[in-house]
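Printed here is my_file_20.cif (mmCIF, N, CA and C atoms and all ligand atoms):
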data_model
loop_
_atom_site.group_PDB
_atom_site.id
_atom_site.type_symbol
_atom_site.label_atom_id
_atom_site.label_comp_id
_atom_site.auth_asym_id
_atom_site.auth_seq_id
_atom_site.Cartn_x
_atom_site.Cartn_y
_atom_site.Cartn_z
ATOM 1 N N MET A 1 14.477 -8.355 -3.919
ATOM 2 C CA MET A 1 14.117 -7.821 -5.243
ATOM 3 C C MET A 1 14.101 -6.293 -5.175
ATOM 4 N N ASN A 2 14.806 -5.645 -6.087
ATOM 5 C CA ASN A 2 14.804 -4.182 -6.051
ATOM 6 C C ASN A 2 13.743 -3.603 -6.995
ATOM 7 N N ILE A 3 13.601 -2.289 -6.924
ATOM 8 C CA ILE A 3 12.524 -1.634 -7.674
ATOM 9 C C ILE A 3 12.688 -1.832 -9.184
ATOM 10 N N ILE A 4 13.928 -1.806 -9.677
ATOM 11 C CA ILE A 4 14.154 -1.969 -11.123
ATOM 12 C C ILE A 4 13.676 -3.345 -11.578
ATOM 13 N N ALA A 5 13.984 -4.364 -10.785
ATOM 14 C CA ALA A 5 13.565 -5.723 -11.132
ATOM 15 C C ALA A 5 12.041 -5.817 -11.147
ATOM 16 N N ILE A 6 11.396 -5.155 -10.193
ATOM 17 C CA ILE A 6 9.934 -5.208 -10.113
ATOM 18 C C ILE A 6 9.294 -4.437 -11.267
ATOM 19 N N LYS A 7 9.876 -3.259 -11.585
ATOM 20 C CA LYS A 7 9.355 -2.460 -12.719
ATOM 21 C C LYS A 7 9.421 -3.287 -14.000
ATOM 22 N N LYS A 8 10.500 -4.058 -14.146
ATOM 23 C CA LYS A 8 10.676 -4.885 -15.338
ATOM 24 C C LYS A 8 9.570 -5.945 -15.400
ATOM 25 N N LEU A 9 9.308 -6.578 -14.268
ATOM 26 C CA LEU A 9 8.251 -7.590 -14.227
ATOM 27 C C LEU A 9 6.898 -6.965 -14.528
ATOM 28 N N GLU A 10 6.694 -5.752 -13.974
ATOM 29 C CA GLU A 10 5.420 -5.060 -14.182
ATOM 30 C C GLU A 10 5.239 -4.740 -15.662
ATOM 31 N N ALA A 11 6.343 -4.252 -16.296
ATOM 32 C CA ALA A 11 6.293 -3.911 -17.720
ATOM 33 C C ALA A 11 6.003 -5.154 -18.565
ATOM 34 N N GLU A 12 6.468 -6.291 -18.086
ATOM 35 C CA GLU A 12 6.240 -7.540 -18.818
ATOM 36 C C GLU A 12 4.847 -8.106 -18.543
ATOM 37 N N GLY A 13 4.100 -7.402 -17.694
ATOM 38 C CA GLY A 13 2.729 -7.831 -17.425
ATOM 39 C C GLY A 13 2.623 -8.969 -16.426
ATOM 40 N N VAL A 14 3.691 -9.172 -15.669
ATOM 41 C CA VAL A 14 3.640 -10.228 -14.648
ATOM 42 C C VAL A 14 2.706 -9.777 -13.536
ATOM 43 N N MET A 15 1.833 -10.653 -13.135
ATOM 44 C CA MET A 15 0.859 -10.351 -12.082
ATOM 45 C C MET A 15 1.592 -9.948 -10.802
ATOM 46 N N MET A 16 1.232 -8.791 -10.295
ATOM 47 C CA MET A 16 1.871 -8.317 -9.066
ATOM 48 C C MET A 16 1.011 -8.728 -7.870
ATOM 49 N N SER A 17 1.662 -9.224 -6.860
ATOM 50 C CA SER A 17 0.911 -9.749 -5.727
ATOM 51 C C SER A 17 1.498 -9.250 -4.427
ATOM 52 N N GLU A 18 0.796 -9.556 -3.360
ATOM 53 C CA GLU A 18 1.291 -9.227 -2.023
ATOM 54 C C GLU A 18 2.673 -9.840 -1.796
ATOM 55 N N GLU A 19 2.903 -10.991 -2.441
ATOM 56 C CA GLU A 19 4.193 -11.656 -2.246
ATOM 57 C C GLU A 19 5.320 -10.789 -2.802
ATOM 58 N N TYR A 20 5.128 -10.231 -3.993
ATOM 59 C CA TYR A 20 6.147 -9.344 -4.562
ATOM 60 C C TYR A 20 6.355 -8.138 -3.662
ATOM 61 N N TRP A 21 5.231 -7.585 -3.194
ATOM 62 C CA TRP A 21 5.303 -6.399 -2.337
ATOM 63 C C TRP A 21 6.129 -6.700 -1.083
ATOM 64 N N SER A 22 5.927 -7.884 -0.520
ATOM 65 C CA SER A 22 6.642 -8.239 0.707
ATOM 66 C C SER A 22 8.134 -8.411 0.451
ATOM 67 N N ARG A 23 8.499 -8.581 -0.830
ATOM 68 C CA ARG A 23 9.918 -8.767 -1.149
ATOM 69 C C ARG A 23 10.625 -7.458 -1.490
ATOM 70 N N ILE A 24 9.864 -6.356 -1.567
ATOM 71 C CA ILE A 24 10.497 -5.060 -1.802
ATOM 72 C C ILE A 24 11.221 -4.653 -0.513
ATOM 73 N N SER A 25 12.428 -4.135 -0.664
ATOM 74 C CA SER A 25 13.247 -3.866 0.521
ATOM 75 C C SER A 25 12.665 -2.761 1.387
ATOM 76 N N GLY A 26 13.012 -2.819 2.674
ATOM 77 C CA GLY A 26 12.576 -1.798 3.619
ATOM 78 C C GLY A 26 13.079 -0.419 3.214
ATOM 79 N N LYS A 27 14.270 -0.392 2.628
ATOM 80 C CA LYS A 27 14.865 0.883 2.206
ATOM 81 C C LYS A 27 13.997 1.524 1.124
ATOM 82 N N ALA A 28 13.578 0.718 0.157
ATOM 83 C CA ALA A 28 12.734 1.227 -0.926
ATOM 84 C C ALA A 28 11.398 1.712 -0.366
ATOM 85 N N LYS A 29 10.845 0.964 0.585
ATOM 86 C CA LYS A 29 9.554 1.354 1.171
ATOM 87 C C LYS A 29 9.682 2.652 1.970
ATOM 88 N N ARG A 30 10.833 2.842 2.624
ATOM 89 C CA ARG A 30 11.042 4.106 3.362
ATOM 90 C C ARG A 30 11.073 5.285 2.389
ATOM 91 N N LYS A 31 11.679 5.065 1.210
ATOM 92 C CA LYS A 31 11.715 6.129 0.194
ATOM 93 C C LYS A 31 10.307 6.452 -0.296
ATOM 94 N N ILE A 32 9.516 5.412 -0.534
ATOM 95 C CA ILE A 32 8.135 5.602 -0.998
ATOM 96 C C ILE A 32 7.345 6.381 0.066
ATOM 97 N N LYS A 33 7.537 5.984 1.320
ATOM 98 C CA LYS A 33 6.824 6.631 2.424
ATOM 99 C C LYS A 33 7.184 8.114 2.510
ATOM 100 N N ALA A 34 8.480 8.413 2.381
ATOM 101 C CA ALA A 34 8.928 9.806 2.453
ATOM 102 C C ALA A 34 8.288 10.613 1.325
ATOM 103 N N ARG A 35 8.200 9.995 0.153
ATOM 104 C CA ARG A 35 7.596 10.655 -1.004
ATOM 105 C C ARG A 35 6.108 10.935 -0.754
ATOM 106 N N LEU A 36 5.413 9.934 -0.189
ATOM 107 C CA LEU A 36 3.980 10.102 0.078
ATOM 108 C C LEU A 36 3.737 11.142 1.180
ATOM 109 N N MET A 37 4.676 11.234 2.126
ATOM 110 C CA MET A 37 4.525 12.211 3.217
ATOM 111 C C MET A 37 4.675 13.643 2.711
ATOM 112 N N GLN A 38 5.356 13.797 1.551
ATOM 113 C CA GLN A 38 5.507 15.138 0.972
ATOM 114 C C GLN A 38 4.149 15.784 0.709
ATOM 115 N N GLU A 39 3.140 14.937 0.434
ATOM 116 C CA GLU A 39 1.795 15.470 0.193
ATOM 117 C C GLU A 39 1.246 16.169 1.430
ATOM 118 N N HIS A 40 1.808 15.843 2.590
ATOM 119 C CA HIS A 40 1.378 16.481 3.844
ATOM 120 C C HIS A 40 2.559 17.207 4.475
ATOM 121 N N ASN A 41 3.264 17.954 3.651
ATOM 122 C CA ASN A 41 4.416 18.754 4.110
ATOM 123 C C ASN A 41 5.443 17.929 4.880
ATOM 124 N N GLY A 42 5.600 16.671 4.494
ATOM 125 C CA GLY A 42 6.597 15.816 5.125
ATOM 126 C C GLY A 42 6.196 15.311 6.503
ATOM 127 N N LYS A 43 4.940 15.566 6.875
ATOM 128 C CA LYS A 43 4.495 15.140 8.221
ATOM 129 C C LYS A 43 3.828 13.764 8.150
ATOM 130 N N PRO A 44 4.025 12.958 9.210
ATOM 131 C CA PRO A 44 3.406 11.629 9.225
ATOM 132 C C PRO A 44 1.913 11.705 9.554
ATOM 133 N N VAL A 45 1.107 11.858 8.509
ATOM 134 C CA VAL A 45 -0.337 12.026 8.673
ATOM 135 C C VAL A 45 -1.057 10.923 7.899
ATOM 136 N N CYS A 46 -2.102 10.369 8.509
ATOM 137 C CA CYS A 46 -2.920 9.363 7.826
ATOM 138 C C CYS A 46 -3.713 10.031 6.706
ATOM 139 N N HIS A 47 -3.646 9.472 5.506
ATOM 140 C CA HIS A 47 -4.343 10.077 4.367
ATOM 141 C C HIS A 47 -5.852 9.889 4.455
ATOM 142 N N SER A 48 -6.302 8.979 5.301
ATOM 143 C CA SER A 48 -7.745 8.735 5.393
ATOM 144 C C SER A 48 -8.389 9.562 6.509
ATOM 145 N N CYS A 49 -7.942 9.374 7.737
ATOM 146 C CA CYS A 49 -8.609 10.072 8.854
ATOM 147 C C CYS A 49 -7.906 11.379 9.203
ATOM 148 N N GLY A 50 -6.723 11.599 8.635
ATOM 149 C CA GLY A 50 -6.019 12.857 8.859
ATOM 150 C C GLY A 50 -5.320 12.951 10.202
ATOM 151 N N SER A 51 -5.321 11.854 10.951
ATOM 152 C CA SER A 51 -4.674 11.950 12.261
ATOM 153 C C SER A 51 -3.151 11.890 12.121
ATOM 154 N N TYR A 52 -2.513 12.599 13.014
ATOM 155 C CA TYR A 52 -1.064 12.700 13.043
ATOM 156 C C TYR A 52 -0.524 11.568 13.900
ATOM 157 N N VAL A 53 0.463 10.839 13.399
ATOM 158 C CA VAL A 53 1.064 9.790 14.229
ATOM 159 C C VAL A 53 2.444 10.270 14.683
ATOM 160 N N HIS A 54 2.815 9.906 15.885
ATOM 161 C CA HIS A 54 4.080 10.388 16.433
ATOM 162 C C HIS A 54 5.272 9.643 15.844
ATOM 163 N N ASP A 55 5.032 8.391 15.451
ATOM 164 C CA ASP A 55 6.110 7.562 14.922
ATOM 165 C C ASP A 55 5.681 7.121 13.517
ATOM 166 N N ASP A 56 6.478 7.461 12.491
ATOM 167 C CA ASP A 56 6.011 7.136 11.130
ATOM 168 C C ASP A 56 5.943 5.631 10.860
ATOM 169 N N ARG A 57 6.469 4.830 11.795
ATOM 170 C CA ARG A 57 6.284 3.380 11.639
ATOM 171 C C ARG A 57 4.826 2.979 11.868
ATOM 172 N N ASP A 58 4.045 3.901 12.470
ATOM 173 C CA ASP A 58 2.619 3.631 12.661
ATOM 174 C C ASP A 58 1.796 3.957 11.415
ATOM 175 N N LEU A 59 2.492 4.420 10.363
ATOM 176 C CA LEU A 59 1.814 4.627 9.075
ATOM 177 C C LEU A 59 2.235 3.497 8.153
ATOM 178 N N THR A 60 1.285 2.962 7.424
ATOM 179 C CA THR A 60 1.623 1.890 6.513
ATOM 180 C C THR A 60 1.240 2.280 5.090
ATOM 181 N N ILE A 61 2.025 1.812 4.120
ATOM 182 C CA ILE A 61 1.729 2.100 2.715
ATOM 183 C C ILE A 61 0.587 1.186 2.284
ATOM 184 N N ASP A 62 -0.486 1.795 1.841
ATOM 185 C CA ASP A 62 -1.660 1.030 1.424
ATOM 186 C C ASP A 62 -1.859 1.187 -0.080
ATOM 187 N N HIS A 63 -2.189 0.089 -0.751
ATOM 188 C CA HIS A 63 -2.556 0.172 -2.166
ATOM 189 C C HIS A 63 -4.050 0.457 -2.250
ATOM 190 N N ILE A 64 -4.400 1.601 -2.841
ATOM 191 C CA ILE A 64 -5.798 2.042 -2.880
ATOM 192 C C ILE A 64 -6.646 0.986 -3.587
ATOM 193 N N VAL A 65 -6.227 0.611 -4.805
ATOM 194 C CA VAL A 65 -6.826 -0.562 -5.447
ATOM 195 C C VAL A 65 -5.937 -1.733 -5.041
ATOM 196 N N PRO A 66 -6.476 -2.677 -4.275
ATOM 197 C CA PRO A 66 -5.632 -3.759 -3.750
ATOM 198 C C PRO A 66 -4.939 -4.543 -4.866
ATOM 199 N N LEU A 67 -3.755 -5.047 -4.565
ATOM 200 C CA LEU A 67 -3.005 -5.837 -5.544
ATOM 201 C C LEU A 67 -3.824 -7.040 -5.998
ATOM 202 N N SER A 68 -4.623 -7.579 -5.074
ATOM 203 C CA SER A 68 -5.449 -8.754 -5.399
ATOM 204 C C SER A 68 -6.518 -8.417 -6.434
ATOM 205 N N ARG A 69 -6.793 -7.101 -6.621
ATOM 206 C CA ARG A 69 -7.774 -6.708 -7.632
ATOM 207 C C ARG A 69 -7.105 -6.011 -8.812
ATOM 208 N N GLY A 70 -5.802 -6.261 -8.965
ATOM 209 C CA GLY A 70 -5.092 -5.743 -10.132
ATOM 210 C C GLY A 70 -4.523 -4.346 -9.968
ATOM 211 N N GLY A 71 -4.531 -3.827 -8.731
ATOM 212 C CA GLY A 71 -3.946 -2.510 -8.482
ATOM 213 C C GLY A 71 -2.458 -2.523 -8.775
ATOM 214 N N LYS A 72 -1.953 -1.408 -9.310
ATOM 215 C CA LYS A 72 -0.536 -1.348 -9.661
ATOM 216 C C LYS A 72 0.327 -1.261 -8.414
ATOM 217 N N ILE A 73 1.393 -2.047 -8.433
ATOM 218 C CA ILE A 73 2.205 -2.204 -7.225
ATOM 219 C C ILE A 73 3.109 -1.002 -6.966
ATOM 220 N N LEU A 74 3.639 -0.367 -8.032
ATOM 221 C CA LEU A 74 4.598 0.717 -7.815
ATOM 222 C C LEU A 74 4.094 2.053 -8.317
ATOM 223 N N ASP A 75 2.804 2.194 -8.469
ATOM 224 C CA ASP A 75 2.223 3.449 -8.924
ATOM 225 C C ASP A 75 1.915 4.315 -7.706
ATOM 226 N N LEU A 76 2.617 5.429 -7.597
ATOM 227 C CA LEU A 76 2.399 6.296 -6.425
ATOM 228 C C LEU A 76 0.955 6.782 -6.354
ATOM 229 N N ASN A 77 0.297 6.873 -7.516
ATOM 230 C CA ASN A 77 -1.119 7.276 -7.519
ATOM 231 C C ASN A 77 -2.026 6.204 -6.928
ATOM 232 N N ASN A 78 -1.484 4.991 -6.801
ATOM 233 C CA ASN A 78 -2.271 3.904 -6.200
ATOM 234 C C ASN A 78 -1.844 3.657 -4.756
ATOM 235 N N MET A 79 -1.102 4.607 -4.184
ATOM 236 C CA MET A 79 -0.628 4.405 -2.808
ATOM 237 C C MET A 79 -1.081 5.538 -1.917
ATOM 238 N N GLN A 80 -1.360 5.190 -0.680
ATOM 239 C CA GLN A 80 -1.673 6.196 0.328
ATOM 240 C C GLN A 80 -1.091 5.698 1.649
ATOM 241 N N LEU A 81 -0.890 6.636 2.563
ATOM 242 C CA LEU A 81 -0.407 6.253 3.885
ATOM 243 C C LEU A 81 -1.604 6.190 4.821
ATOM 244 N N LEU A 82 -1.735 5.062 5.490
ATOM 245 C CA LEU A 82 -2.844 4.905 6.445
ATOM 246 C C LEU A 82 -2.286 4.604 7.816
ATOM 247 N N CYS A 83 -2.981 5.117 8.839
ATOM 248 C CA CYS A 83 -2.563 4.766 10.202
ATOM 249 C C CYS A 83 -2.832 3.277 10.390
ATOM 250 N N ARG A 84 -1.846 2.632 10.975
ATOM 251 C CA ARG A 84 -1.868 1.181 11.067
ATOM 252 C C ARG A 84 -3.040 0.688 11.916
ATOM 253 N N LYS A 85 -3.215 1.341 13.061
ATOM 254 C CA LYS A 85 -4.174 0.794 14.038
ATOM 255 C C LYS A 85 -5.621 0.922 13.583
ATOM 256 N N LYS A 86 -5.994 2.109 13.079
ATOM 257 C CA LYS A 86 -7.406 2.332 12.776
ATOM 258 C C LYS A 86 -7.722 2.068 11.301
ATOM 259 N N CYS A 87 -7.214 2.940 10.432
ATOM 260 C CA CYS A 87 -7.669 2.909 9.035
ATOM 261 C C CYS A 87 -7.186 1.688 8.264
ATOM 262 N N HIS A 88 -5.926 1.290 8.445
ATOM 263 C CA HIS A 88 -5.434 0.180 7.636
ATOM 264 C C HIS A 88 -6.087 -1.135 8.050
ATOM 265 N N SER A 89 -6.255 -1.332 9.350
ATOM 266 C CA SER A 89 -6.868 -2.595 9.775
ATOM 267 C C SER A 89 -8.330 -2.643 9.349
ATOM 268 N N ARG A 90 -9.011 -1.468 9.342
ATOM 269 C CA ARG A 90 -10.409 -1.440 8.909
ATOM 270 C C ARG A 90 -10.513 -1.745 7.409
ATOM 271 N N LYS A 91 -9.611 -1.145 6.600
ATOM 272 C CA LYS A 91 -9.653 -1.379 5.150
ATOM 273 C C LYS A 91 -9.352 -2.843 4.843
ATOM 274 N N ASN A 92 -8.367 -3.405 5.556
ATOM 275 C CA ASN A 92 -8.042 -4.821 5.363
ATOM 276 C C ASN A 92 -9.239 -5.709 5.649
ATOM 277 N N ALA A 93 -9.946 -5.402 6.740
ATOM 278 C CA ALA A 93 -11.098 -6.219 7.116
ATOM 279 C C ALA A 93 -12.161 -6.159 6.028
ATOM 280 N N ILE A 94 -12.388 -4.967 5.456
ATOM 281 C CA ILE A 94 -13.377 -4.813 4.380
ATOM 282 C C ILE A 94 -12.952 -5.643 3.167
ATOM 283 N N GLU A 95 -11.645 -5.585 2.814
ATOM 284 C CA GLU A 95 -11.161 -6.308 1.639
ATOM 285 C C GLU A 95 -11.261 -7.824 1.828
ATOM 286 N N VAL A 96 -10.985 -8.284 3.045
ATOM 287 C CA VAL A 96 -11.092 -9.719 3.317
ATOM 288 C C VAL A 96 -12.546 -10.153 3.163
ATOM 289 N N ASN A 97 -13.483 -9.339 3.669
ATOM 290 C CA ASN A 97 -14.909 -9.634 3.516
ATOM 291 C C ASN A 97 -15.300 -9.701 2.055
ATOM 292 N N GLU A 98 -14.825 -8.710 1.253
ATOM 293 C CA GLU A 98 -15.163 -8.682 -0.174
ATOM 294 C C GLU A 98 -14.646 -9.934 -0.869
ATOM 295 N N GLN A 99 -13.405 -10.317 -0.528
ATOM 296 C CA GLN A 99 -12.824 -11.516 -1.142
ATOM 297 C C GLN A 99 -13.645 -12.746 -0.795
ATOM 298 N N TYR A 100 -14.091 -12.797 0.453
ATOM 299 C CA TYR A 100 -14.887 -13.943 0.890
ATOM 300 C C TYR A 100 -16.191 -14.013 0.109
ATOM 301 N N PHE A 101 -16.887 -12.863 0.002
ATOM 302 C CA PHE A 101 -18.177 -12.872 -0.711
ATOM 303 C C PHE A 101 -17.978 -13.230 -2.176
ATOM 304 N N ARG A 102 -16.887 -12.726 -2.788
ATOM 305 C CA ARG A 102 -16.631 -13.097 -4.184
ATOM 306 C C ARG A 102 -16.373 -14.584 -4.316
ATOM 307 N N SER A 103 -15.643 -15.140 -3.332
ATOM 308 C CA SER A 103 -15.270 -16.552 -3.407
ATOM 309 C C SER A 103 -16.484 -17.466 -3.326
ATOM 310 N N ILE A 104 -17.566 -16.986 -2.685
ATOM 311 C CA ILE A 104 -18.770 -17.829 -2.607
ATOM 312 C C ILE A 104 -19.835 -17.347 -3.601
ATOM 313 N N GLY A 105 -19.391 -16.446 -4.511
ATOM 314 C CA GLY A 105 -20.258 -16.048 -5.618
ATOM 315 C C GLY A 105 -21.329 -15.030 -5.269
ATOM 316 N N LEU A 106 -21.110 -14.246 -4.239
ATOM 317 C CA LEU A 106 -22.089 -13.199 -3.871
ATOM 318 C C LEU A 106 -21.580 -11.823 -4.235
HETATM 319 ZN ZN ZN A 201 -6.261 6.879 9.822
#

Show how you would write the structure in this file as structure tokens.
Amino acid sequence: MNIIAIKKLEAEGVMMSEEYWSRISGKAKRKIKARLMQEHNGKPVCHSCGSYVHDDRDLTIDHIVPLSRGGKILDLNNMQLLCRKKCHSRKNAIEVNEQYFRSIGL
């Protein structure tokens, strides 16, 4: 699925999910990453802890408002680059906990 197809679905109000995100091509994601890196002079820096990664594959595109909570899938304002090992895994763990507590009504 390319970006135009996804934008069309988004405009039609189709619920965007992790599944759609996983179907966006690697090429499109590399473009998004390059765009987000411009905020840090094109350098591969984690937007949360500020650490520099040597390989930009260690940075992952994170949706600030998770897709599971209605965050926009292709809104650059809803995206940040996080270091995979520390910040992204920590944020994921927090989100999984939140989902669990919501699922049991807490
Ligand atoms: Zn980080």

Once the PyMOL selection byres (((chain A and resi 65-67) around 8) and not hetatm) has been evaluated on this model, what residues remain selected, and can you format them as an mmCIF file with N, CA and C atoms, keeping the file's coordinate frame?
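What landed in selection.cif:
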data_model
loop_
_atom_site.group_PDB
_atom_site.id
_atom_site.type_symbol
_atom_site.label_atom_id
_atom_site.label_comp_id
_atom_site.auth_asym_id
_atom_site.auth_seq_id
_atom_site.Cartn_x
_atom_site.Cartn_y
_atom_site.Cartn_z
ATOM 1 N N MET A 15 1.833 -10.653 -13.135
ATOM 2 C CA MET A 15 0.859 -10.351 -12.082
ATOM 3 C C MET A 15 1.592 -9.948 -10.802
ATOM 4 N N MET A 16 1.232 -8.791 -10.295
ATOM 5 C CA MET A 16 1.871 -8.317 -9.066
ATOM 6 C C MET A 16 1.011 -8.728 -7.870
ATOM 7 N N SER A 17 1.662 -9.224 -6.860
ATOM 8 C CA SER A 17 0.911 -9.749 -5.727
ATOM 9 C C SER A 17 1.498 -9.250 -4.427
ATOM 10 N N GLU A 18 0.796 -9.556 -3.360
ATOM 11 C CA GLU A 18 1.291 -9.227 -2.023
ATOM 12 C C GLU A 18 2.673 -9.840 -1.796
ATOM 13 N N ASP A 62 -0.486 1.795 1.841
ATOM 14 C CA ASP A 62 -1.660 1.030 1.424
ATOM 15 C C ASP A 62 -1.859 1.187 -0.080
ATOM 16 N N HIS A 63 -2.189 0.089 -0.751
ATOM 17 C CA HIS A 63 -2.556 0.172 -2.166
ATOM 18 C C HIS A 63 -4.050 0.457 -2.250
ATOM 19 N N ILE A 64 -4.400 1.601 -2.841
ATOM 20 C CA ILE A 64 -5.798 2.042 -2.880
ATOM 21 C C ILE A 64 -6.646 0.986 -3.587
ATOM 22 N N SER A 68 -4.623 -7.579 -5.074
ATOM 23 C CA SER A 68 -5.449 -8.754 -5.399
ATOM 24 C C SER A 68 -6.518 -8.417 -6.434
ATOM 25 N N ARG A 69 -6.793 -7.101 -6.621
ATOM 26 C CA ARG A 69 -7.774 -6.708 -7.632
ATOM 27 C C ARG A 69 -7.105 -6.011 -8.812
ATOM 28 N N GLY A 70 -5.802 -6.261 -8.965
ATOM 29 C CA GLY A 70 -5.092 -5.743 -10.132
ATOM 30 C C GLY A 70 -4.523 -4.346 -9.968
ATOM 31 N N GLY A 71 -4.531 -3.827 -8.731
ATOM 32 C CA GLY A 71 -3.946 -2.510 -8.482
ATOM 33 C C GLY A 71 -2.458 -2.523 -8.775
ATOM 34 N N LYS A 72 -1.953 -1.408 -9.310
ATOM 35 C CA LYS A 72 -0.536 -1.348 -9.661
ATOM 36 C C LYS A 72 0.327 -1.261 -8.414
ATOM 37 N N ILE A 73 1.393 -2.047 -8.433
ATOM 38 C CA ILE A 73 2.205 -2.204 -7.225
ATOM 39 C C ILE A 73 3.109 -1.002 -6.966
ATOM 40 N N ASN A 77 0.297 6.873 -7.516
ATOM 41 C CA ASN A 77 -1.119 7.276 -7.519
ATOM 42 C C ASN A 77 -2.026 6.204 -6.928
ATOM 43 N N ASN A 78 -1.484 4.991 -6.801
ATOM 44 C CA ASN A 78 -2.271 3.904 -6.200
ATOM 45 C C ASN A 78 -1.844 3.657 -4.756
ATOM 46 N N MET A 79 -1.102 4.607 -4.184
ATOM 47 C CA MET A 79 -0.628 4.405 -2.808
ATOM 48 C C MET A 79 -1.081 5.538 -1.917
ATOM 49 N N GLN A 80 -1.360 5.190 -0.680
ATOM 50 C CA GLN A 80 -1.673 6.196 0.328
ATOM 51 C C GLN A 80 -1.091 5.698 1.649
#

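Applied to this file, the PyMOL selection byres (((not hetatm) and name CA) within 9 of (chain A and resi 201)) selects the residues Val45, Cys46, His47, Ser48, Cys49, Gly50, Ser51, Tyr52, Leu59, Leu81, Leu82, Cys83, Arg84, Lys85, Lys86, Cys87 and His88 of chain A.
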
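Across the model, the gap from CA of Ala5 (chain A) to CA of Arg30 (chain A) is 17.7 Å.
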
Identify which of the residues A:Val53, A:Leu106, A:Ala93, A:Ile24 lies closest to Leu74 (chain A), counting only C-alpha atoms when measuring atom-to-atom distances.
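Between A:Val53, A:Leu106, A:Ala93, A:Ile24, the residue approaching Leu74 (chain A) most closely is A:Ile24.
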
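Rounded to one decimal, atom C of Ser25 (chain A) and atom N of Arg90 (chain A) lie 23.1 Å from each other.
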
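All residues within chain A that the backbone DSSP calculation assigns to strand (DSSP E or B) are A:Val45, A:Tyr52, A:Leu59, A:Thr60, A:Ile61, A:Asp62, A:His63, A:Met79, A:Gln80, A:Leu81, A:Leu82, A:Cys83.
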
Output of the above residues as a short mmCIF file (atom, residue, chain, number, x, y, z; two decimals), in the frame of the given file, restricted to N, CA and C atoms:
data_model
loop_
_atom_site.label_atom_id
_atom_site.label_comp_id
_atom_site.auth_asym_id
_atom_site.auth_seq_id
_atom_site.Cartn_x
_atom_site.Cartn_y
_atom_site.Cartn_z
N VAL A 45 1.11 11.86 8.51
CA VAL A 45 -0.34 12.03 8.67
C VAL A 45 -1.06 10.92 7.90
N TYR A 52 -2.51 12.60 13.01
CA TYR A 52 -1.06 12.70 13.04
C TYR A 52 -0.52 11.57 13.90
N LEU A 59 2.49 4.42 10.36
CA LEU A 59 1.81 4.63 9.07
C LEU A 59 2.24 3.50 8.15
N THR A 60 1.28 2.96 7.42
CA THR A 60 1.62 1.89 6.51
C THR A 60 1.24 2.28 5.09
N ILE A 61 2.02 1.81 4.12
CA ILE A 61 1.73 2.10 2.72
C ILE A 61 0.59 1.19 2.28
N ASP A 62 -0.49 1.80 1.84
CA ASP A 62 -1.66 1.03 1.42
C ASP A 62 -1.86 1.19 -0.08
N HIS A 63 -2.19 0.09 -0.75
CA HIS A 63 -2.56 0.17 -2.17
C HIS A 63 -4.05 0.46 -2.25
N MET A 79 -1.10 4.61 -4.18
CA MET A 79 -0.63 4.40 -2.81
C MET A 79 -1.08 5.54 -1.92
N GLN A 80 -1.36 5.19 -0.68
CA GLN A 80 -1.67 6.20 0.33
C GLN A 80 -1.09 5.70 1.65
N LEU A 81 -0.89 6.64 2.56
CA LEU A 81 -0.41 6.25 3.88
C LEU A 81 -1.60 6.19 4.82
N LEU A 82 -1.74 5.06 5.49
CA LEU A 82 -2.84 4.90 6.44
C LEU A 82 -2.29 4.60 7.82
N CYS A 83 -2.98 5.12 8.84
CA CYS A 83 -2.56 4.77 10.20
C CYS A 83 -2.83 3.28 10.39
#

Straight-line distance linking CA of Asp56 (chain A) with CA of Pro44 (chain A), stated in Å to one decimal:
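CA of Pro44 (chain A) lies 5.5 Å from CA of Asp56 (chain A).
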